[in-house]
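The file input_38.cif contains mmCIF, C-alpha atoms and all ligand atoms:
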data_input
#
loop_
_atom_site.group_PDB
_atom_site.id
_atom_site.type_symbol
_atom_site.label_atom_id
_atom_site.label_comp_id
_atom_site.auth_asym_id
_atom_site.auth_seq_id
_atom_site.Cartn_x
_atom_site.Cartn_y
_atom_site.Cartn_z
ATOM 1 C CA MET A 3 -120.386 78.406 -15.597
ATOM 2 C CA ILE A 4 -117.554 75.899 -15.710
ATOM 3 C CA ASP A 5 -116.629 73.523 -12.884
ATOM 4 C CA THR A 6 -112.865 73.263 -13.409
ATOM 5 C CA HIS A 7 -112.280 70.554 -10.796
ATOM 6 C CA SER A 8 -114.769 67.848 -9.961
ATOM 7 C CA HIS A 9 -114.152 64.208 -9.025
ATOM 8 C CA ILE A 10 -117.466 62.891 -10.249
ATOM 9 C CA ASP A 11 -115.663 59.735 -11.349
ATOM 10 C CA ALA A 12 -115.415 58.893 -7.616
ATOM 11 C CA GLU A 13 -117.371 55.943 -6.214
ATOM 12 C CA GLU A 14 -119.514 58.372 -4.199
ATOM 13 C CA PHE A 15 -121.306 58.998 -7.518
ATOM 14 C CA ASP A 16 -121.582 55.413 -8.734
ATOM 15 C CA ASN A 17 -125.275 55.158 -7.877
ATOM 16 C CA ASP A 18 -126.537 58.400 -9.379
ATOM 17 C CA ARG A 19 -123.870 59.895 -11.637
ATOM 18 C CA GLU A 20 -126.344 60.568 -14.433
ATOM 19 C CA ASP A 21 -128.678 62.453 -12.090
ATOM 20 C CA VAL A 22 -125.728 64.493 -10.846
ATOM 21 C CA ILE A 23 -124.797 65.389 -14.437
ATOM 22 C CA ASN A 24 -128.384 66.341 -15.271
ATOM 23 C CA ARG A 25 -128.716 68.483 -12.147
ATOM 24 C CA ALA A 26 -125.479 70.244 -13.135
ATOM 25 C CA LYS A 27 -126.873 71.014 -16.600
ATOM 26 C CA ASN A 28 -130.129 72.284 -15.114
ATOM 27 C CA ALA A 29 -128.194 74.548 -12.733
ATOM 28 C CA GLY A 30 -126.444 76.149 -15.719
ATOM 29 C CA VAL A 31 -123.106 74.318 -15.611
ATOM 30 C CA GLU A 32 -121.741 74.215 -19.182
ATOM 31 C CA LYS A 33 -118.648 72.051 -18.681
ATOM 32 C CA ILE A 34 -117.029 69.953 -15.977
ATOM 33 C CA LEU A 35 -113.319 69.127 -15.867
ATOM 34 C CA ILE A 36 -112.308 65.876 -14.194
ATOM 35 C CA PRO A 37 -108.831 65.501 -12.685
ATOM 36 C CA ASN A 38 -107.183 62.105 -12.509
ATOM 37 C CA VAL A 39 -105.608 60.918 -9.256
ATOM 38 C CA ASN A 40 -103.992 57.489 -9.779
ATOM 39 C CA PRO A 41 -103.753 54.479 -12.135
ATOM 40 C CA ASN A 42 -107.096 53.045 -10.976
ATOM 41 C CA SER A 43 -109.084 56.205 -11.592
ATOM 42 C CA LEU A 44 -107.810 56.849 -15.111
ATOM 43 C CA PRO A 45 -109.975 54.289 -16.972
ATOM 44 C CA VAL A 46 -113.067 55.544 -15.106
ATOM 45 C CA VAL A 47 -112.265 59.193 -15.837
ATOM 46 C CA GLU A 48 -111.779 58.394 -19.521
ATOM 47 C CA LYS A 49 -114.939 56.296 -19.707
ATOM 48 C CA ILE A 50 -117.314 58.848 -18.188
ATOM 49 C CA CYS A 51 -115.773 61.684 -20.221
ATOM 50 C CA GLY A 52 -116.066 59.608 -23.392
ATOM 51 C CA ASP A 53 -119.727 58.930 -22.582
ATOM 52 C CA ASN A 54 -120.369 62.648 -22.007
ATOM 53 C CA HIS A 55 -118.302 64.129 -24.799
ATOM 54 C CA GLY A 56 -118.495 67.933 -24.942
ATOM 55 C CA PHE A 57 -119.609 68.191 -21.306
ATOM 56 C CA LEU A 58 -117.083 66.233 -19.226
ATOM 57 C CA TYR A 59 -113.367 66.705 -19.976
ATOM 58 C CA PRO A 60 -110.583 64.450 -18.627
ATOM 59 C CA MET A 61 -107.170 65.340 -17.197
ATOM 60 C CA ILE A 62 -104.215 63.003 -16.750
ATOM 61 C CA GLY A 63 -101.865 63.026 -13.768
ATOM 62 C CA LEU A 64 -100.708 61.439 -10.525
ATOM 63 C CA HIS A 65 -101.944 63.092 -7.309
ATOM 64 C CA PRO A 66 -99.277 63.705 -4.632
ATOM 65 C CA GLU A 67 -101.231 61.772 -1.982
ATOM 66 C CA ASP A 68 -101.329 58.769 -4.307
ATOM 67 C CA ALA A 69 -97.611 58.877 -5.067
ATOM 68 C CA ASN A 70 -96.808 56.162 -2.550
ATOM 69 C CA PRO A 71 -94.403 53.434 -3.703
ATOM 70 C CA LYS A 72 -96.056 50.903 -1.343
ATOM 71 C CA ASP A 73 -99.359 51.154 -3.185
ATOM 72 C CA MET A 74 -98.304 51.371 -6.801
ATOM 73 C CA ASP A 75 -95.526 51.132 -9.363
ATOM 74 C CA ILE A 76 -94.899 54.842 -9.828
ATOM 75 C CA ASP A 77 -92.351 54.520 -12.638
ATOM 76 C CA ALA A 78 -94.630 52.262 -14.667
ATOM 77 C CA PHE A 79 -97.569 54.666 -14.364
ATOM 78 C CA MET A 80 -95.427 57.692 -15.193
ATOM 79 C CA ASP A 81 -94.137 55.895 -18.304
ATOM 80 C CA TYR A 82 -97.689 54.954 -19.268
ATOM 81 C CA MET A 83 -98.956 58.520 -18.851
ATOM 82 C CA GLU A 84 -96.169 59.969 -20.933
ATOM 83 C CA SER A 85 -96.815 57.404 -23.670
ATOM 84 C CA ARG A 86 -100.419 58.603 -23.763
ATOM 85 C CA LEU A 87 -99.325 62.219 -24.107
ATOM 86 C CA GLN A 88 -97.084 61.372 -27.048
ATOM 87 C CA THR A 89 -99.977 60.290 -29.219
ATOM 88 C CA THR A 90 -103.535 61.520 -29.887
ATOM 89 C CA HIS A 91 -105.310 61.785 -26.523
ATOM 90 C CA PRO A 92 -108.426 63.366 -24.977
ATOM 91 C CA PHE A 93 -106.739 65.112 -22.017
ATOM 92 C CA VAL A 94 -107.272 68.850 -21.505
ATOM 93 C CA ALA A 95 -104.765 69.274 -18.647
ATOM 94 C CA ILE A 96 -102.087 67.620 -16.522
ATOM 95 C CA GLY A 97 -103.746 67.075 -13.159
ATOM 96 C CA GLU A 98 -104.203 66.657 -10.403
ATOM 97 C CA VAL A 99 -100.539 67.175 -9.546
ATOM 98 C CA GLY A 100 -98.586 68.941 -6.826
ATOM 99 C CA LEU A 101 -97.354 68.507 -3.270
ATOM 100 C CA ASP A 102 -99.200 67.557 -0.093
ATOM 101 C CA TYR A 103 -97.330 67.380 3.220
ATOM 102 C CA TYR A 104 -100.497 67.597 5.320
ATOM 103 C CA TRP A 105 -101.464 63.934 5.533
ATOM 104 C CA ASP A 106 -98.093 62.348 5.028
ATOM 105 C CA ALA A 107 -94.735 63.942 4.292
ATOM 106 C CA THR A 108 -92.809 60.645 4.297
ATOM 107 C CA TYR A 109 -92.361 60.706 0.565
ATOM 108 C CA ARG A 110 -91.912 64.421 0.111
ATOM 109 C CA HIS A 111 -88.809 64.004 -2.055
ATOM 110 C CA LEU A 112 -90.595 61.510 -4.242
ATOM 111 C CA GLN A 113 -93.597 63.882 -4.437
ATOM 112 C CA MET A 114 -91.286 66.654 -5.609
ATOM 113 C CA GLU A 115 -89.735 64.438 -8.257
ATOM 114 C CA VAL A 116 -93.116 63.267 -9.566
ATOM 115 C CA PHE A 117 -94.476 66.817 -9.573
ATOM 116 C CA GLU A 118 -91.446 68.202 -11.389
ATOM 117 C CA THR A 119 -91.686 65.571 -14.123
ATOM 118 C CA GLN A 120 -95.361 66.434 -14.659
ATOM 119 C CA VAL A 121 -94.596 70.170 -14.778
ATOM 120 C CA LYS A 122 -92.081 69.404 -17.519
ATOM 121 C CA TRP A 123 -94.785 67.503 -19.420
ATOM 122 C CA ALA A 124 -97.077 70.522 -19.226
ATOM 123 C CA VAL A 125 -94.389 72.595 -20.933
ATOM 124 C CA LYS A 126 -93.378 69.905 -23.435
ATOM 125 C CA TYR A 127 -96.907 68.877 -24.463
ATOM 126 C CA ASN A 128 -98.384 72.364 -24.096
ATOM 127 C CA LEU A 129 -101.104 71.477 -21.567
ATOM 128 C CA PRO A 130 -102.296 73.485 -18.550
ATOM 129 C CA LEU A 131 -101.525 72.276 -15.016
ATOM 130 C CA MET A 132 -104.124 71.551 -12.321
ATOM 131 C CA ILE A 133 -102.128 72.070 -9.138
ATOM 132 C CA HIS A 134 -102.839 70.699 -5.662
ATOM 133 C CA SER A 135 -100.807 72.288 -2.856
ATOM 134 C CA ARG A 136 -101.195 71.640 0.838
ATOM 135 C CA GLU A 137 -98.688 72.629 3.517
ATOM 136 C CA ALA A 138 -96.105 72.725 0.742
ATOM 137 C CA HIS A 139 -96.382 76.222 -0.697
ATOM 138 C CA ASP A 140 -92.692 77.185 -0.731
ATOM 139 C CA ASP A 141 -91.434 73.950 -2.330
ATOM 140 C CA LEU A 142 -94.204 74.109 -4.884
ATOM 141 C CA ILE A 143 -93.516 77.714 -5.891
ATOM 142 C CA ARG A 144 -89.799 76.924 -6.204
ATOM 143 C CA ILE A 145 -90.312 73.902 -8.489
ATOM 144 C CA LEU A 146 -92.897 75.669 -10.632
ATOM 145 C CA GLY A 147 -90.651 78.729 -10.831
ATOM 146 C CA ASN A 148 -87.774 76.603 -12.129
ATOM 147 C CA HIS A 149 -89.828 75.606 -15.151
ATOM 148 C CA TYR A 150 -92.014 78.636 -15.640
ATOM 149 C CA CYS A 151 -92.254 79.990 -19.148
ATOM 150 C CA ASP A 152 -94.699 82.179 -21.042
ATOM 151 C CA ASN A 153 -96.779 79.362 -22.463
ATOM 152 C CA LEU A 154 -97.230 77.535 -19.125
ATOM 153 C CA LYS A 155 -100.779 77.929 -17.821
ATOM 154 C CA GLY A 156 -102.816 76.426 -15.043
ATOM 155 C CA VAL A 157 -104.900 76.594 -11.892
ATOM 156 C CA PHE A 158 -103.925 76.584 -8.233
ATOM 157 C CA HIS A 159 -106.806 74.352 -7.250
ATOM 158 C CA CYS A 160 -108.629 74.980 -3.956
ATOM 159 C CA PHE A 161 -106.606 78.058 -3.139
ATOM 160 C CA THR A 162 -106.898 78.885 0.578
ATOM 161 C CA GLY A 163 -103.638 80.726 1.201
ATOM 162 C CA ASP A 164 -102.894 84.024 2.887
ATOM 163 C CA HIS A 165 -102.080 87.399 1.330
ATOM 164 C CA ARG A 166 -98.404 86.642 0.770
ATOM 165 C CA GLN A 167 -99.169 83.269 -0.824
ATOM 166 C CA ALA A 168 -101.825 84.809 -3.063
ATOM 167 C CA GLN A 169 -99.355 87.418 -4.273
ATOM 168 C CA GLU A 170 -96.701 84.772 -5.006
ATOM 169 C CA VAL A 171 -99.183 82.675 -6.934
ATOM 170 C CA LEU A 172 -100.427 85.655 -8.942
ATOM 171 C CA GLU A 173 -96.902 86.280 -10.202
ATOM 172 C CA PHE A 174 -97.390 83.254 -12.427
ATOM 173 C CA ASN A 175 -99.194 85.333 -15.021
ATOM 174 C CA ASN A 176 -101.110 82.607 -16.807
ATOM 175 C CA PHE A 177 -102.361 80.896 -13.667
ATOM 176 C CA MET A 178 -105.767 81.235 -12.033
ATOM 177 C CA LEU A 179 -106.882 80.509 -8.471
ATOM 178 C CA GLY A 180 -109.524 77.776 -8.193
ATOM 179 C CA ILE A 181 -112.259 78.886 -5.790
ATOM 180 C CA GLY A 182 -114.949 76.605 -4.382
ATOM 181 C CA GLY A 183 -116.975 75.852 -1.258
ATOM 182 C CA VAL A 184 -114.329 77.039 1.213
ATOM 183 C CA VAL A 185 -115.053 80.679 0.345
ATOM 184 C CA THR A 186 -118.573 80.254 1.801
ATOM 185 C CA PHE A 187 -117.430 78.815 5.141
ATOM 186 C CA LYS A 188 -118.203 81.035 8.131
ATOM 187 C CA LYS A 189 -114.673 81.314 9.507
ATOM 188 C CA ALA A 190 -112.914 81.432 6.130
ATOM 189 C CA THR A 191 -110.247 84.123 5.716
ATOM 190 C CA LEU A 192 -110.343 83.587 1.958
ATOM 191 C CA PRO A 193 -113.018 86.247 1.173
ATOM 192 C CA GLN A 194 -110.775 88.962 2.651
ATOM 193 C CA VAL A 195 -107.676 87.703 0.792
ATOM 194 C CA LEU A 196 -109.627 87.688 -2.478
ATOM 195 C CA ALA A 197 -111.100 91.137 -1.918
ATOM 196 C CA ASP A 198 -107.700 92.601 -0.973
ATOM 197 C CA CYS A 199 -105.403 91.188 -3.612
ATOM 198 C CA VAL A 200 -106.958 88.816 -6.162
ATOM 199 C CA PRO A 201 -108.745 90.407 -9.141
ATOM 200 C CA LEU A 202 -111.842 88.709 -10.533
ATOM 201 C CA SER A 203 -109.841 88.212 -13.738
ATOM 202 C CA ARG A 204 -107.669 85.635 -11.938
ATOM 203 C CA ILE A 205 -110.170 83.139 -10.497
ATOM 204 C CA VAL A 206 -112.020 80.099 -11.805
ATOM 205 C CA LEU A 207 -114.847 78.121 -10.221
ATOM 206 C CA GLU A 208 -114.522 74.591 -8.912
ATOM 207 C CA THR A 209 -116.371 72.225 -6.619
ATOM 208 C CA ASP A 210 -113.755 69.558 -5.761
ATOM 209 C CA ALA A 211 -116.818 67.310 -5.514
ATOM 210 C CA PRO A 212 -117.497 65.140 -3.556
ATOM 211 C CA TYR A 213 -115.552 67.243 -1.025
ATOM 212 C CA LEU A 214 -115.970 70.760 0.403
ATOM 213 C CA ALA A 215 -119.650 71.417 -0.288
ATOM 214 C CA PRO A 216 -120.522 75.127 0.020
ATOM 215 C CA VAL A 217 -122.881 76.556 2.618
ATOM 216 C CA PRO A 218 -125.845 75.715 2.885
ATOM 217 C CA TYR A 219 -124.848 72.169 1.853
ATOM 218 C CA ARG A 220 -121.747 72.038 4.053
ATOM 219 C CA GLY A 221 -120.995 68.485 5.243
ATOM 220 C CA LYS A 222 -123.035 66.899 2.465
ATOM 221 C CA ARG A 223 -121.663 65.268 -0.667
ATOM 222 C CA ASN A 224 -120.651 68.120 -2.959
ATOM 223 C CA GLU A 225 -121.735 68.200 -6.617
ATOM 224 C CA PRO A 226 -121.440 70.645 -9.555
ATOM 225 C CA SER A 227 -125.054 71.864 -9.228
ATOM 226 C CA PHE A 228 -124.031 73.556 -5.941
ATOM 227 C CA LEU A 229 -121.800 76.057 -7.797
ATOM 228 C CA PRO A 230 -124.383 78.918 -7.698
ATOM 229 C CA SER A 231 -123.794 79.134 -3.908
ATOM 230 C CA VAL A 232 -120.119 79.823 -4.608
ATOM 231 C CA ILE A 233 -121.009 82.368 -7.292
ATOM 232 C CA ASN A 234 -123.342 84.234 -4.945
ATOM 233 C CA LYS A 235 -120.653 84.465 -2.279
ATOM 234 C CA LEU A 236 -118.123 85.721 -4.849
ATOM 235 C CA ALA A 237 -120.601 88.377 -6.006
ATOM 236 C CA GLU A 238 -120.617 89.617 -2.398
ATOM 237 C CA VAL A 239 -116.809 89.541 -2.176
ATOM 238 C CA TYR A 240 -116.329 91.450 -5.448
ATOM 239 C CA ARG A 241 -119.348 93.734 -4.954
ATOM 240 C CA CYS A 242 -120.827 92.840 -8.333
ATOM 241 C CA ASN A 243 -123.749 90.761 -9.543
ATOM 242 C CA ALA A 244 -123.763 86.994 -9.969
ATOM 243 C CA ALA A 245 -123.885 87.259 -13.770
ATOM 244 C CA THR A 246 -120.591 89.165 -13.784
ATOM 245 C CA VAL A 247 -118.910 86.475 -11.670
ATOM 246 C CA GLU A 248 -120.280 83.807 -13.973
ATOM 247 C CA THR A 249 -119.124 85.502 -17.197
ATOM 248 C CA SER A 250 -115.679 86.361 -15.836
ATOM 249 C CA THR A 251 -114.914 82.942 -14.384
ATOM 250 C CA THR A 252 -116.066 81.220 -17.581
ATOM 251 C CA ARG A 253 -113.827 83.484 -19.655
ATOM 252 C CA ASN A 254 -110.906 82.820 -17.286
ATOM 253 C CA ALA A 255 -111.428 79.059 -17.524
ATOM 254 C CA ASN A 256 -111.450 79.243 -21.314
ATOM 255 C CA LEU A 257 -108.191 81.228 -21.278
ATOM 256 C CA VAL A 258 -106.432 78.464 -19.344
ATOM 257 C CA PHE A 259 -108.126 75.413 -20.866
ATOM 258 C CA THR A 260 -107.866 76.406 -24.500
ATOM 259 C CA ASN A 261 -108.862 72.940 -25.693
ATOM 260 C CA ILE A 262 -112.361 73.028 -24.125
ATOM 261 C CA SER A 263 -113.483 76.179 -25.950
ATOM 262 C CA ASN A 264 -114.575 74.542 -29.179
HETATM 263 NI NI NI A 301 -109.095 67.263 -6.352
#
Take the structure from the file and write it as structure tokens.
Amino acid sequence: MIDTHSHIDAEEFDNDREDVINRAKNAGVEKILIPNVNPNSLPVVEKICGDNHGFLYPMIGLHPEDANPKDMDIDAFMDYMESRLQTTHPFVAIGEVGLDYYWDATYRHLQMEVFETQVKWAVKYNLPLMIHSREAHDDLIRILGNHYCDNLKGVFHCFTGDHRQAQEVLEFNNFMLGIGGVVTFKKATLPQVLADCVPLSRIVLETDAPYLAPVPYRGKRNEPSFLPSVINKLAEVYRCNAATVETSTTRNANLVFTNISN
């Protein structure tokens, strides 16, 4: 199984990151993909992925919640990121990028601009996109649609939308829906949306660790070794066995992230 979205670079893991990685391996996790969020996280993401070559894989990107001109020099970081993409680099995707109007929509126009630039990079440098979307579905679909082409791939990370949103997302043929702990939550509507309109061939696994731990760990710090709880729930949703979910989601992840299947 592949955890396509895990922030184990976060400080929540500073005291026991190695144990977390070992528990993941023991639970059967083959690879973990680490999104970047801002200029401060990038050196940490690169360091831990370099130290765990062939198991942890880094992404590069600016998260919409971090795209705040009061906290950082956005232009300088965008220039730096593009300079990295123009030469030999270790990054397997552009992420985590997107739009988030939930916490703060003050800079929504700036978020759109930053997102659009990073979508263009995905096309230009032939890298998949790891997309974060919250309360911004329509703007996000419009921007992505403007640049969509056959070789653009990616994941709608932490998908929790309704039927209509799922159908709109699925129209982007080379994109998968990232499914994690939320699908196990008691009141989640996601299982029904998945069962009704999302084929197993279009989902990948993720934890979003340290957030959104699945039942029975809900409320605790999430980590990649909790993925079997998500798999078991998906086996219920798709009326198949856990091994089928595992094989399918791994294949789907390898289709999107072509540079991790060595
Ligand atoms: Ni994330």
Evaluated on this file, the PyMOL selection byres (((chain A and resi 155) around 7) and not hetatm) picks out some residues - which ones are they, written as a PyMOL selection string?
chain A and resi 130-131+153-154+156+176-177+258
Writing out the chosen residues with C-alpha atoms as a compact mmCIF listing (two decimals), in the frame of the given file:
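Dumped everything to result.txt:
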# COMPACT_ATOMS: atom_id res chain seq x y z
CA PRO A 130 -102.30 73.48 -18.55
CA LEU A 131 -101.52 72.28 -15.02
CA ASN A 153 -96.78 79.36 -22.46
CA LEU A 154 -97.23 77.54 -19.12
CA GLY A 156 -102.82 76.43 -15.04
CA ASN A 176 -101.11 82.61 -16.81
CA PHE A 177 -102.36 80.90 -13.67
CA VAL A 258 -106.43 78.46 -19.34
With all atoms listed in the file as the basis for distance, which of A:Phe161, A:Tyr109, A:Tyr219, A:Tyr240 is at the shortest distance from Gly180 (chain A)?
A:Phe161
Neighbours of ligand NI 301 (chain A) within 7 Å, counting all atoms listed in the file, as JSON, numbers by chain?
{"A": [7, 8, 9, 37, 98, 210]}
List the residues selected by the PyMOL selection byres (((chain A and resi 209) around 7) and not hetatm) in the file shown, writing them as a list in words.
Asp5, His7, Ser8, Gly182, Gly183, Glu208, Asp210, Ala211, Asn224, Glu225, Pro226 and Leu229 of chain A
Can you list, as a CSV table (one decimal) with C-alpha atoms, in the frame of the given file, the residues that the PyMOL selection byres (((chain A and resi 10) around 12) and not hetatm) selects here?
chain,number,residue,atom,x,y,z
A,5,ASP,CA,-116.6,73.5,-12.9
A,6,THR,CA,-112.9,73.3,-13.4
A,7,HIS,CA,-112.3,70.6,-10.8
A,8,SER,CA,-114.8,67.8,-10.0
A,9,HIS,CA,-114.2,64.2,-9.0
A,11,ASP,CA,-115.7,59.7,-11.3
A,12,ALA,CA,-115.4,58.9,-7.6
A,13,GLU,CA,-117.4,55.9,-6.2
A,14,GLU,CA,-119.5,58.4,-4.2
A,15,PHE,CA,-121.3,59.0,-7.5
A,16,ASP,CA,-121.6,55.4,-8.7
A,17,ASN,CA,-125.3,55.2,-7.9
A,18,ASP,CA,-126.5,58.4,-9.4
A,19,ARG,CA,-123.9,59.9,-11.6
A,20,GLU,CA,-126.3,60.6,-14.4
A,21,ASP,CA,-128.7,62.5,-12.1
A,22,VAL,CA,-125.7,64.5,-10.8
A,23,ILE,CA,-124.8,65.4,-14.4
A,26,ALA,CA,-125.5,70.2,-13.1
A,34,ILE,CA,-117.0,70.0,-16.0
A,35,LEU,CA,-113.3,69.1,-15.9
A,36,ILE,CA,-112.3,65.9,-14.2
A,37,PRO,CA,-108.8,65.5,-12.7
A,38,ASN,CA,-107.2,62.1,-12.5
A,43,SER,CA,-109.1,56.2,-11.6
A,46,VAL,CA,-113.1,55.5,-15.1
A,47,VAL,CA,-112.3,59.2,-15.8
A,48,GLU,CA,-111.8,58.4,-19.5
A,49,LYS,CA,-114.9,56.3,-19.7
A,50,ILE,CA,-117.3,58.8,-18.2
A,51,CYS,CA,-115.8,61.7,-20.2
A,58,LEU,CA,-117.1,66.2,-19.2
A,59,TYR,CA,-113.4,66.7,-20.0
A,60,PRO,CA,-110.6,64.4,-18.6
A,209,THR,CA,-116.4,72.2,-6.6
A,210,ASP,CA,-113.8,69.6,-5.8
A,211,ALA,CA,-116.8,67.3,-5.5
A,212,PRO,CA,-117.5,65.1,-3.6
A,213,TYR,CA,-115.6,67.2,-1.0
A,223,ARG,CA,-121.7,65.3,-0.7
A,224,ASN,CA,-120.7,68.1,-3.0
A,225,GLU,CA,-121.7,68.2,-6.6
A,226,PRO,CA,-121.4,70.6,-9.6
A,227,SER,CA,-125.1,71.9,-9.2
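Using all atoms listed in the file, the shortest contact distance between Val206 (chain A) and any of A:Arg25, A:Arg86, A:Arg144, A:Arg253 is found at A:Arg253.
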Expressed in Å, the length from CA of His139 (chain A) to CA of Ala237 (chain A) is 27.6 Å
Interatomic distance (Å, one decimal) between CA of Val195 (chain A) and CA of Thr246 (chain A):
19.5 Å
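With all atoms listed in the file as the basis for measurement, A:Pro230 is the residue among A:Gly163, A:Gly147, A:Pro230, A:Pro45 that approaches Pro216 (chain A) most closely.
Using only C-alpha atoms, the nearest neighbour of Thr252 (chain A) within the list A:Asp164, A:Asp102, A:Glu32, A:Glu84 is A:Glu32.
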Grab all the atoms of region 139-156 of chain A that the file lists, wrap them in a box along x, y and z, add 6 Å per side, and give me centre plus edge lengths in Å (one decimal) as lines of an AutoDock Vina configuration file.
center_x = -95.3
center_y = 78.0
center_z = -11.6
size_x = 27.0
size_y = 20.3
size_z = 33.8
Atomic distance CA of Ser263 (chain A) - CA of Val171 (chain A), expressed in Å with one decimal:
24.7 Å
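With all atoms listed in the file as the atoms that count, the residue of A:His111, A:His91, A:Lys222, A:Lys72 with the shortest distance to Gly52 (chain A) is A:His91.
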Using only C-alpha atoms, which residues sit within 8 Å of Leu202 (chain A) once same-chain residues fewer than 4 positions away are excluded, as a ChimeraX atom specification?
/A:240,247,250-251
